[in-house]
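A short worksheet on the structure shown next.
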Amino acid sequence: SDTVALIVAAGKGERAGGDVPKQFQLLGRVPLVEHARRAFAGHPAIQSVLTVVAPSQEASVMGASVAGGETRRESVRNGLEAIAATGGAARVLIHDAARPTIPKAIVDRLLEALDNARGAVPVLPVADTLVRGGVRIGDVIDRSTLARVQTPQAFDFAAILAAHRAWPEGEEATDDAQILRRAGYDVVSVVGDPLLDKITYPGDLALAEARLEASMR
Ligand code: C5P
């Protein structure tokens with residue numbers, strides 16, 4: 001049955017600096033969003049890829065696209081509704097365009113985990129000491145109980161669509177696993193990969209560029 005990849009690329013991406021939103025910045029001559037699109041398009045278990053972009057950017061993405069919203073959550077919702085309107089899918093992988101490298105093994109692990117859950121996400125442990133922030137730092141937070149959540153996040157399509165539709169308007173969510181959990185479903189984790197870390201700050205792109213060059217040697 002059908003597995004669709006949904007890439008959200010409708011953000012302003014201001015924290016990364018530069019004159020274009022980060023998801024359109026070039027990594028080895030190719031925009032970040034196009035790296036992600038190609039990775040999904042090349043995976044044997046994925047039948048189609050849909051990219052959510054700001055209306056002004058629709059001409060600059062390859063393949064199928066749909067207009068995004070004010071927040072990431074609304075952008076994902078628009079994408080899910082577009083998939084639903086064209087017949088739906090069995091499974092969907094929801095991904096941030098700002099994460100250009102997607103190891104095939106991660107997609108394999110996520111889809112396998114979906115055999116026993118409605119949602120699966122890649123997570124990694126936290127390496128640094130964590131404290132409550134402030135001019136004077138606060139208490140240490142036990143990092144052994146915490147995990148960093150990445151994308152792609154894999155879902156049963158009907159479940160995540162219903163969860164998004166049930167989410168209260170006006171409340172925000174930065175990831176879809178939380179939206180699925182709020183609807184009462186369990187979300188399982190698979191081992192993530194540092195290659196999936198989000199391009200967020202100036203410098204992250206240079207690091208990704210160096211990694212790409214090293215991988216081509
Ligand atoms: O800003 P942040 O890094 O959290 O954004 C995560 C992803 O969500 C990015 O790929 C961004 O383009 C996307 N996004 C979106 N629509 C918005 C805001 C963010 O598609 N309104």
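Quick note on naming: the chains in the structure tokens go A, B, ... in the order shown, residues restart at 1 in each chain, and ligands are numbered from 1 in order of appearance.
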
All residues having an atom within 6 Å of ligand 1 (only C-alpha atoms and all ligand atoms) as a PDB file with C-alpha atoms, in the first residue's frame:
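Result file is selection.pdb:
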ATOM      1  CA  VAL A   8       7.546  20.925   4.897  1.00  0.00           C
ATOM      2  CA  ALA A   9       9.496  23.827   3.433  1.00  0.00           C
ATOM      3  CA  ALA A  10       7.236  26.831   4.008  1.00  0.00           C
ATOM      4  CA  GLY A  11       9.121  28.432   6.901  1.00  0.00           C
ATOM      5  CA  GLY A  13      14.167  30.081   8.306  1.00  0.00           C
ATOM      6  CA  GLY A  68       1.955  26.138   3.334  1.00  0.00           C
ATOM      7  CA  GLY A  69       0.497  28.008   6.300  1.00  0.00           C
ATOM      8  CA  GLU A  70       1.545  30.450   9.010  1.00  0.00           C
ATOM      9  CA  THR A  71       3.025  27.777  11.265  1.00  0.00           C
ATOM     10  CA  ARG A  72       4.711  24.432  10.722  1.00  0.00           C
ATOM     11  CA  SER A  75       1.810  23.612   6.746  1.00  0.00           C
ATOM     12  CA  ASP A  96      11.583  19.116   7.670  1.00  0.00           C
ATOM     13  CA  ALA A  97      13.274  20.425   4.532  1.00  0.00           C
ATOM     14  CA  ALA A  98      16.006  21.796   6.804  1.00  0.00           C
TER      15      ALA A  98
END

DSSP-assigned strand (DSSP E or B) among chain A, expressed as a ChimeraX atom specification: /A:3-9,26-27,30-31,48-53,64-67,91-96,119-124,130-131,140-141,148-149,153-156,187-191

Kindly export the residues of the current selection with C-alpha atoms, as a JSON list (two decimals), in the first residue's frame.
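Now in part_32.json:
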[["chain", "number", "residue", "atom", "x", "y", "z"],
["A", 3, "THR", "CA", 3.66, 5.44, 1.39],
["A", 4, "VAL", "CA", 3.92, 9.18, 0.78],
["A", 5, "ALA", "CA", 6.70, 11.54, 1.90],
["A", 6, "LEU", "CA", 5.56, 15.03, 2.95],
["A", 7, "ILE", "CA", 8.32, 17.65, 3.14],
["A", 8, "VAL", "CA", 7.55, 20.92, 4.90],
["A", 9, "ALA", "CA", 9.50, 23.83, 3.43],
["A", 26, "LEU", "CA", 22.47, 25.56, -1.59],
["A", 27, "LEU", "CA", 24.31, 22.52, -0.36],
["A", 30, "VAL", "CA", 21.48, 21.83, -4.76],
["A", 31, "PRO", "CA", 18.85, 23.52, -2.53],
["A", 48, "SER", "CA", 5.34, 9.78, -4.01],
["A", 49, "VAL", "CA", 6.73, 12.98, -2.55],
["A", 50, "LEU", "CA", 4.77, 16.17, -1.84],
["A", 51, "THR", "CA", 6.49, 19.41, -0.78],
["A", 52, "VAL", "CA", 4.74, 22.14, 1.19],
["A", 53, "VAL", "CA", 6.07, 25.60, 0.30],
["A", 64, "ALA", "CA", 4.44, 18.13, -6.62],
["A", 65, "SER", "CA", 3.83, 20.98, -4.20],
["A", 66, "VAL", "CA", 1.10, 22.56, -2.11],
["A", 67, "ALA", "CA", 0.92, 25.93, -0.32],
["A", 91, "ARG", "CA", 1.53, 5.70, 5.55],
["A", 92, "VAL", "CA", 3.13, 9.14, 5.53],
["A", 93, "LEU", "CA", 6.64, 10.29, 6.40],
["A", 94, "ILE", "CA", 6.62, 13.92, 7.55],
["A", 95, "HIS", "CA", 9.96, 15.69, 7.19],
["A", 96, "ASP", "CA", 11.58, 19.12, 7.67],
["A", 119, "GLY", "CA", 3.68, 6.63, 14.85],
["A", 120, "ALA", "CA", 7.48, 6.27, 14.91],
["A", 121, "VAL", "CA", 10.19, 8.91, 15.31],
["A", 122, "PRO", "CA", 14.02, 8.94, 15.25],
["A", 123, "VAL", "CA", 15.56, 10.05, 18.53],
["A", 124, "LEU", "CA", 19.08, 10.58, 19.86],
["A", 130, "LEU", "CA", 21.28, 20.56, 30.41],
["A", 131, "VAL", "CA", 20.29, 23.30, 32.84],
["A", 140, "VAL", "CA", 20.72, 20.65, 36.03],
["A", 141, "ILE", "CA", 18.04, 18.62, 34.29],
["A", 148, "ARG", "CA", 16.21, 14.75, 20.93],
["A", 149, "VAL", "CA", 13.53, 14.11, 18.34],
["A", 153, "GLN", "CA", 8.50, 11.01, 11.48],
["A", 154, "ALA", "CA", 6.44, 8.08, 10.18],
["A", 155, "PHE", "CA", 2.71, 7.69, 10.69],
["A", 156, "ASP", "CA", -0.32, 5.68, 9.84],
["A", 187, "VAL", "CA", 4.55, 6.86, 19.35],
["A", 188, "VAL", "CA", 7.58, 4.59, 19.34],
["A", 189, "SER", "CA", 11.19, 5.62, 18.86],
["A", 190, "VAL", "CA", 13.89, 4.29, 16.59],
["A", 191, "VAL", "CA", 17.59, 5.15, 16.79]]

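Backbone DSSP over segment 112-205 of chain A gives alpha helix (DSSP H) for Glu112, Ala113, Phe157, Ala158, Ala159, Ile160, Leu161, Ala162, Ala163, His164, Arg165, Ala166, Asp176, Ala177, Gln178, Ile179, Leu180, Arg181, Arg182, Asp204 and Leu205 of chain A.
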
Shell around Gly88 of chain A at 10 Å using only C-alpha atoms, local window under 6 positions removed, as a list of chain:residue names: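 Near neighbours after the sequence-gap exclusion: A:Asp2, A:Thr3, A:Val4, A:Leu80, A:Glu81, A:Ala82, A:Phe157, A:Ala158, A:Leu161.
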
Would you export the selected residues with C-alpha atoms as a CSV table (one decimal), in the first residue's frame, please?
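Output file selection-v8.csv follows:
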chain,number,residue,atom,x,y,z
A,2,ASP,CA,1.0,3.6,-0.5
A,3,THR,CA,3.7,5.4,1.4
A,4,VAL,CA,3.9,9.2,0.8
A,80,LEU,CA,-2.1,16.0,4.8
A,81,GLU,CA,-5.4,17.5,3.5
A,82,ALA,CA,-3.9,17.6,-0.1
A,157,PHE,CA,-1.9,8.2,7.5
A,158,ALA,CA,-5.5,7.9,8.7
A,161,LEU,CA,-4.8,13.0,9.6

Top pick for closest residue to Glu169 of chain A, considering A:Phe24, A:Asp204, A:Val33, A:Arg77 and counting only C-alpha atoms: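 Residue with the minimum atom-to-atom distance to Glu169 of chain A: A:Arg77.
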
Interatomic distance (Å, one decimal) between atom CA of Gly203 of chain A and atom CA of Gly42 of chain A: 28.0 Å

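In terms of minimum interatomic distance to Gln150 of chain A, A:Gly192 ranks closest within A:Gly138, A:Pro125, A:Gly192, A:Gly184, counting only C-alpha atoms.
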
Long-range neighbours of Pro103 of chain A as number ranges by chain, 12 Å cut-off, only C-alpha atoms, 5 positions minimum in chain: A: 35-36, 38-40, 42-43, 108-110, 122, 151-152, 191-197

Residues near Trp167 of chain A, cut-off 12 Å, only C-alpha atoms, skip fewer than 3 positions along chain, as a PyMOL selection string: chain A and resi 73-74+77+160-164+170-173+176+178-184
